[in-house]
Amino acid sequence: MPEKRDPLDLGDKAAGSPRSPARAPAALSDIPAFVKVRERPLKTHVHGRGGTVFVCPSGWGLPGEMGLNLLRPFADLARFFTFDPSGTGQSTGLRAKEDLGSRGIASDASGMLLRLKMRPAAVFGHSHGGCAALRVAINRPELVRRLVVVATTPGDGTIEAWNWRTVLGDAAPTAPIATREELLRITRNIMVNSLADRAMAGEAFGGAEDKKWNVAVERFNALPKDGRMLDLKDKLRHIQAPALIIAGAKDPIVAVAAAEAMRENIAGSELAVFERSGHFPMLEEPEKFRIVLEEFLERD
C-alpha cells in the first residue's frame, strides 16, 4: 500500500512516496514571489523541475497553493507554477466583481503570463480551474503550447455546470456562507464526497480547517451564478493547442459527457477516461495519471 499523505499539507513533510521521487527543488529564478497583475500583487508558488506547467487555480475561494499540492507527486515531470487568486493566501484582497468566477481567474492567469513574458510548456486546470484554463486557451491562444484539463466542463449556459450541491446532499448551504470555517468545512466535504471511494480519502483532505491561509467566501458564493452562465462549448473550436482531457468515470460533480463534448469540439484533442476515479484522478489513479501526463508533455 502506498504511504498516505495529506495533499493539503504546505510543509516540508510532503516528500516523495514509493511511487514518486523525492521532493524536487523549486526553480524560482525567473518567477518572483509576487507578480503584479491589474495593479494587484498576486502570490506565486512553484514546485518541481523541468518544463514549466502553469496551473490555473480554481475560483472556489481557496489559495492556488492548495491545488498545487495535488501535483506534488509528479514534481519530477515538470515545474508546476500557480498563484493565489486575489482574496486568498498571501495575495491582495478582492477589489471588484470582475475578479470572481472562472473569467476573473483566466484574466489574472493570462495577465501573469504576459507580465512574465512566459509561454509555458502547458497550461493545466483541474475542476473549476479547468474552466479558467479553457478560457485562457480560447482568448489568448498564443500563450498556450499545450492544454491539460482534468475533471472539468465547458458548460452549456442553461443549468449549473457543477453538481456539487448534490454531492453535499442535506449539508449543502441554502444561503450565502459568511465565515472562513464554513468555507473550509464545505469544500473539504465536497472533496471527500467526490471521490469514487470515500474510504480512500481517510485523512487525505483532513486538517484544512487548521491552515492559516486567507480564503475568500465571496468567490464561493459567486459559484452558482458562474456555473449557470458558463457556456464555452461553441468557443472551444478556437483552441489551437494540442489538448489532453482527463475525466473520472465515477465523477459525481462533472459527468464524462462534459469531457466528451470537449473532445468533440477541440480539434485534435484526446480524452483519457480513468475508470476507477471520481473527481480527483491524480489522487485516485496516480500511476495512470503519471503515465498519461508524462507521455503528453514529452511529445514533440
# chains A, B, ... in the order shown; residues from 1 in each chain; ligands from 1
>>> select_by_dssp(residues="range 245-291 of chain A", states="strand (DSSP E)", output="list in words")
Ile245, Ile246, Ala247, Gly248, Glu270, Leu271, Ala272, Val273 and Phe274 of chain A
>>> write_last_selection(atoms="N, CA and C atoms", output="CSV table (one decimal), in the first residue's frame")
chain,number,residue,atom,x,y,z
A,245,ILE,N,-7.6,15.8,-22.3
A,245,ILE,CA,-8.7,15.9,-21.5
A,245,ILE,C,-8.8,14.7,-20.6
A,246,ILE,N,-8.8,14.8,-19.3
A,246,ILE,CA,-8.9,13.7,-18.4
A,246,ILE,C,-10.1,13.8,-17.6
A,247,ALA,N,-10.8,12.6,-17.5
A,247,ALA,CA,-12.1,12.6,-16.8
A,247,ALA,C,-12.2,11.3,-15.9
A,248,GLY,N,-12.8,11.4,-14.8
A,248,GLY,CA,-13.1,10.2,-14.0
A,248,GLY,C,-14.4,9.7,-14.3
A,270,GLU,N,-7.5,14.8,-27.3
A,270,GLU,CA,-7.6,13.4,-26.9
A,270,GLU,C,-8.2,13.3,-25.5
A,271,LEU,N,-9.0,12.3,-25.3
A,271,LEU,CA,-9.6,12.0,-24.0
A,271,LEU,C,-9.1,10.8,-23.3
A,272,ALA,N,-8.8,10.9,-22.0
A,272,ALA,CA,-8.4,9.8,-21.2
A,272,ALA,C,-9.4,9.6,-20.1
A,273,VAL,N,-10.1,8.5,-20.1
A,273,VAL,CA,-11.1,8.3,-19.0
A,273,VAL,C,-10.5,7.4,-18.0
A,274,PHE,N,-10.5,7.8,-16.7
A,274,PHE,CA,-10.0,7.0,-15.6
A,274,PHE,C,-11.2,6.2,-15.0
>>> closest_residue(among="A:Thr158, A:Thr44, A:Ser102, A:Thr179", to="Gly89 in chain A", atoms="only C-alpha atoms")
A:Thr44
>>> residues_around(residues="Phe124 in chain A", least_positions_apart="2", cutoff="9 Å", atoms="only C-alpha atoms", output="ChimeraX atom specification")
/A:53-56,122,126,129-130,133,146-150
>>> write_last_selection(atoms="N, CA and C atoms", output="JSON list (two decimals), in the first residue's frame")
[["chain", "number", "residue", "atom", "x", "y", "z"],
["A", 53, "VAL", "N", 4.83, 24.07, -16.26],
["A", 53, "VAL", "CA", 3.40, 23.85, -16.47],
["A", 53, "VAL", "C", 2.67, 24.86, -15.60],
["A", 54, "PHE", "N", 1.93, 25.75, -16.23],
["A", 54, "PHE", "CA", 1.19, 26.77, -15.49],
["A", 54, "PHE", "C", -0.15, 26.20, -15.05],
["A", 55, "VAL", "N", -0.42, 26.23, -13.76],
["A", 55, "VAL", "CA", -1.63, 25.65, -13.19],
["A", 55, "VAL", "C", -2.63, 26.76, -12.87],
["A", 56, "CYS", "N", -3.72, 26.79, -13.58],
["A", 56, "CYS", "CA", -4.78, 27.78, -13.29],
["A", 56, "CYS", "C", -5.48, 27.38, -11.99],
["A", 122, "ALA", "N", 2.89, 23.89, -20.88],
["A", 122, "ALA", "CA", 1.48, 23.55, -20.89],
["A", 122, "ALA", "C", 0.74, 24.42, -19.90],
["A", 126, "HIS", "N", -7.61, 21.97, -13.19],
["A", 126, "HIS", "CA", -8.43, 20.91, -12.62],
["A", 126, "HIS", "C", -9.75, 21.51, -12.13],
["A", 129, "GLY", "N", -10.74, 25.25, -12.04],
["A", 129, "GLY", "CA", -9.54, 25.80, -12.65],
["A", 129, "GLY", "C", -9.41, 25.38, -14.11],
["A", 130, "GLY", "N", -10.03, 24.25, -14.46],
["A", 130, "GLY", "CA", -10.02, 23.83, -15.86],
["A", 130, "GLY", "C", -10.82, 24.77, -16.73],
["A", 133, "ALA", "N", -8.56, 27.54, -17.46],
["A", 133, "ALA", "CA", -7.57, 27.13, -18.47],
["A", 133, "ALA", "C", -8.19, 27.13, -19.86],
["A", 146, "ARG", "N", 0.44, 23.72, -24.91],
["A", 146, "ARG", "CA", -0.36, 22.52, -24.69],
["A", 146, "ARG", "C", -1.39, 22.82, -23.61],
["A", 147, "LEU", "N", -2.48, 22.10, -23.65],
["A", 147, "LEU", "CA", -3.56, 22.31, -22.69],
["A", 147, "LEU", "C", -3.91, 20.99, -22.03],
["A", 148, "VAL", "N", -3.99, 21.00, -20.69],
["A", 148, "VAL", "CA", -4.42, 19.82, -19.94],
["A", 148, "VAL", "C", -5.57, 20.23, -19.03],
["A", 149, "VAL", "N", -6.73, 19.61, -19.20],
["A", 149, "VAL", "CA", -7.86, 19.90, -18.32],
["A", 149, "VAL", "C", -8.34, 18.60, -17.70],
["A", 150, "VAL", "N", -8.60, 18.65, -16.40],
["A", 150, "VAL", "CA", -8.95, 17.46, -15.63],
["A", 150, "VAL", "C", -10.27, 17.70, -14.90]]
>>> residues_around(residues="Met112 in chain A", least_positions_apart="3", cutoff="9 Å", atoms="only C-alpha atoms", output="VMD selection string")
chain A and resid 35 to 37 42 107 to 109 115 to 118
>>> write_last_selection(atoms="N, CA and C atoms", output="short mmCIF file (atom, residue, chain, number, x, y, z; two decimals), in the first residue's frame")
data_model
loop_
_atom_site.label_atom_id
_atom_site.label_comp_id
_atom_site.auth_asym_id
_atom_site.auth_seq_id
_atom_site.Cartn_x
_atom_site.Cartn_y
_atom_site.Cartn_z
N VAL A 35 3.68 38.74 -8.34
CA VAL A 35 3.57 39.33 -9.68
C VAL A 35 2.38 40.28 -9.65
N LYS A 36 2.60 41.50 -10.10
CA LYS A 36 1.51 42.49 -10.10
C LYS A 36 0.71 42.37 -11.38
N VAL A 37 -0.57 42.04 -11.23
CA VAL A 37 -1.49 41.92 -12.35
C VAL A 37 -2.68 42.85 -12.09
N LEU A 42 -0.09 39.41 -6.73
CA LEU A 42 -0.59 38.05 -6.56
C LEU A 42 0.57 37.14 -6.19
N SER A 107 -8.46 35.83 -16.54
CA SER A 107 -7.90 37.14 -16.82
C SER A 107 -6.58 37.33 -16.06
N ASP A 108 -6.57 36.94 -14.79
CA ASP A 108 -5.35 37.07 -14.00
C ASP A 108 -4.27 36.10 -14.48
N ALA A 109 -4.68 34.90 -14.88
CA ALA A 109 -3.70 33.93 -15.39
C ALA A 109 -3.03 34.45 -16.66
N ARG A 115 2.81 39.28 -18.22
CA ARG A 115 3.72 40.10 -17.42
C ARG A 115 5.09 39.45 -17.33
N LEU A 116 5.11 38.12 -17.20
CA LEU A 116 6.36 37.38 -17.08
C LEU A 116 6.96 37.04 -18.45
N LYS A 117 6.25 37.39 -19.51
CA LYS A 117 6.68 37.06 -20.88
C LYS A 117 6.94 35.57 -21.00
N MET A 118 5.97 34.79 -20.52
CA MET A 118 6.13 33.36 -20.43
C MET A 118 5.10 32.63 -21.28
#
>>> atom_distance(atom1="CA of Leu77 in chain A", atom2="CA of Thr153 in chain A")
25.4 Å
>>> closest_residue(among="A:Pro173, A:Asn163, A:Arg140, A:Gly64", to="Gly125 in chain A", atoms="only C-alpha atoms")
A:Gly64
>>> closest_residue(among="A:Ala121, A:Leu183, A:Leu113, A:Ala222", to="Glu98 in chain A", atoms="only C-alpha atoms")
A:Ala222
>>> select_by_dssp(residues="range 37-254 of chain A", states="alpha helix (DSSP H)", output="ChimeraX atom specification")
/A:64-69,101-115,128-139,164-168,180-193,217-221,223-229
>>> write_last_selection(atoms="C-alpha atoms", output="tab-separated table (two decimals), in the first residue's frame")
chain	number	residue	atom	x	y	z
A	64	GLY	CA	-3.84	28.23	-5.53
A	65	GLU	CA	-1.16	26.65	-3.40
A	66	MET	CA	-3.69	24.05	-2.30
A	67	GLY	CA	-4.25	22.84	-5.85
A	68	LEU	CA	-0.52	22.73	-6.45
A	69	ASN	CA	-0.13	20.23	-3.63
A	101	GLY	CA	-15.51	33.30	-11.29
A	102	SER	CA	-13.53	31.47	-13.94
A	103	ARG	CA	-13.45	34.60	-16.10
A	104	GLY	CA	-11.59	36.54	-13.41
A	105	ILE	CA	-9.15	33.68	-12.79
A	106	ALA	CA	-8.47	33.40	-16.52
A	107	SER	CA	-7.90	37.14	-16.82
A	108	ASP	CA	-5.35	37.07	-14.00
A	109	ALA	CA	-3.70	33.93	-15.39
A	110	SER	CA	-3.28	35.50	-18.82
A	111	GLY	CA	-2.07	38.75	-17.27
A	112	MET	CA	0.52	36.91	-15.22
A	113	LEU	CA	1.90	35.00	-18.21
A	114	LEU	CA	2.03	38.20	-20.25
A	115	ARG	CA	3.72	40.10	-17.42
A	128	HIS	CA	-13.15	24.94	-11.84
A	129	GLY	CA	-9.54	25.80	-12.65
A	130	GLY	CA	-10.02	23.83	-15.86
A	131	CYS	CA	-12.67	26.34	-16.95
A	132	ALA	CA	-10.12	29.11	-16.44
A	133	ALA	CA	-7.57	27.13	-18.47
A	134	LEU	CA	-10.11	26.73	-21.28
A	135	ARG	CA	-10.74	30.47	-21.27
A	136	VAL	CA	-7.00	31.22	-21.49
A	137	ALA	CA	-6.63	28.82	-24.43
A	138	ILE	CA	-9.66	30.35	-26.17
A	139	ASN	CA	-8.86	34.02	-25.61
A	164	TRP	CA	-21.50	19.98	-6.02
A	165	ARG	CA	-24.83	20.64	-4.27
A	166	THR	CA	-25.96	17.08	-4.94
A	167	VAL	CA	-22.63	15.80	-3.67
A	168	LEU	CA	-23.23	17.62	-0.38
A	180	ARG	CA	-13.88	31.02	6.78
A	181	GLU	CA	-14.82	27.99	8.87
A	182	GLU	CA	-17.92	27.35	6.76
A	183	LEU	CA	-15.94	27.56	3.53
A	184	LEU	CA	-13.24	25.16	4.68
A	185	ARG	CA	-15.75	22.67	6.07
A	186	ILE	CA	-17.89	22.72	2.92
A	187	THR	CA	-15.01	22.43	0.47
A	188	ARG	CA	-13.49	19.56	2.45
A	189	ASN	CA	-16.82	17.70	2.33
A	190	ILE	CA	-17.09	18.33	-1.41
A	191	MET	CA	-13.63	16.90	-1.98
A	192	VAL	CA	-14.14	13.81	0.14
A	193	ASN	CA	-17.61	13.08	-1.25
A	217	VAL	CA	-16.08	33.38	0.80
A	218	GLU	CA	-17.20	35.86	-1.88
A	219	ARG	CA	-15.66	33.60	-4.51
A	220	PHE	CA	-17.52	30.55	-3.25
A	221	ASN	CA	-20.81	32.45	-3.10
A	223	LEU	CA	-20.05	29.91	-7.95
A	224	PRO	CA	-23.75	29.23	-8.64
A	225	LYS	CA	-24.05	32.22	-10.98
A	226	ASP	CA	-20.70	31.39	-12.58
A	227	GLY	CA	-21.85	27.82	-13.15
A	228	ARG	CA	-25.17	28.83	-14.68
A	229	MET	CA	-23.54	31.34	-17.02
>>> residues_around(residues="Asp251 in chain A", least_positions_apart="2", cutoff="10 Å", atoms="only C-alpha atoms", output="PyMOL selection string")
chain A and resi 151+163+193-196+247-249+253-256+274-281
>>> atom_distance(atom1="CA of Leu297 in chain A", atom2="CA of Leu71 in chain A")
14.4 Å
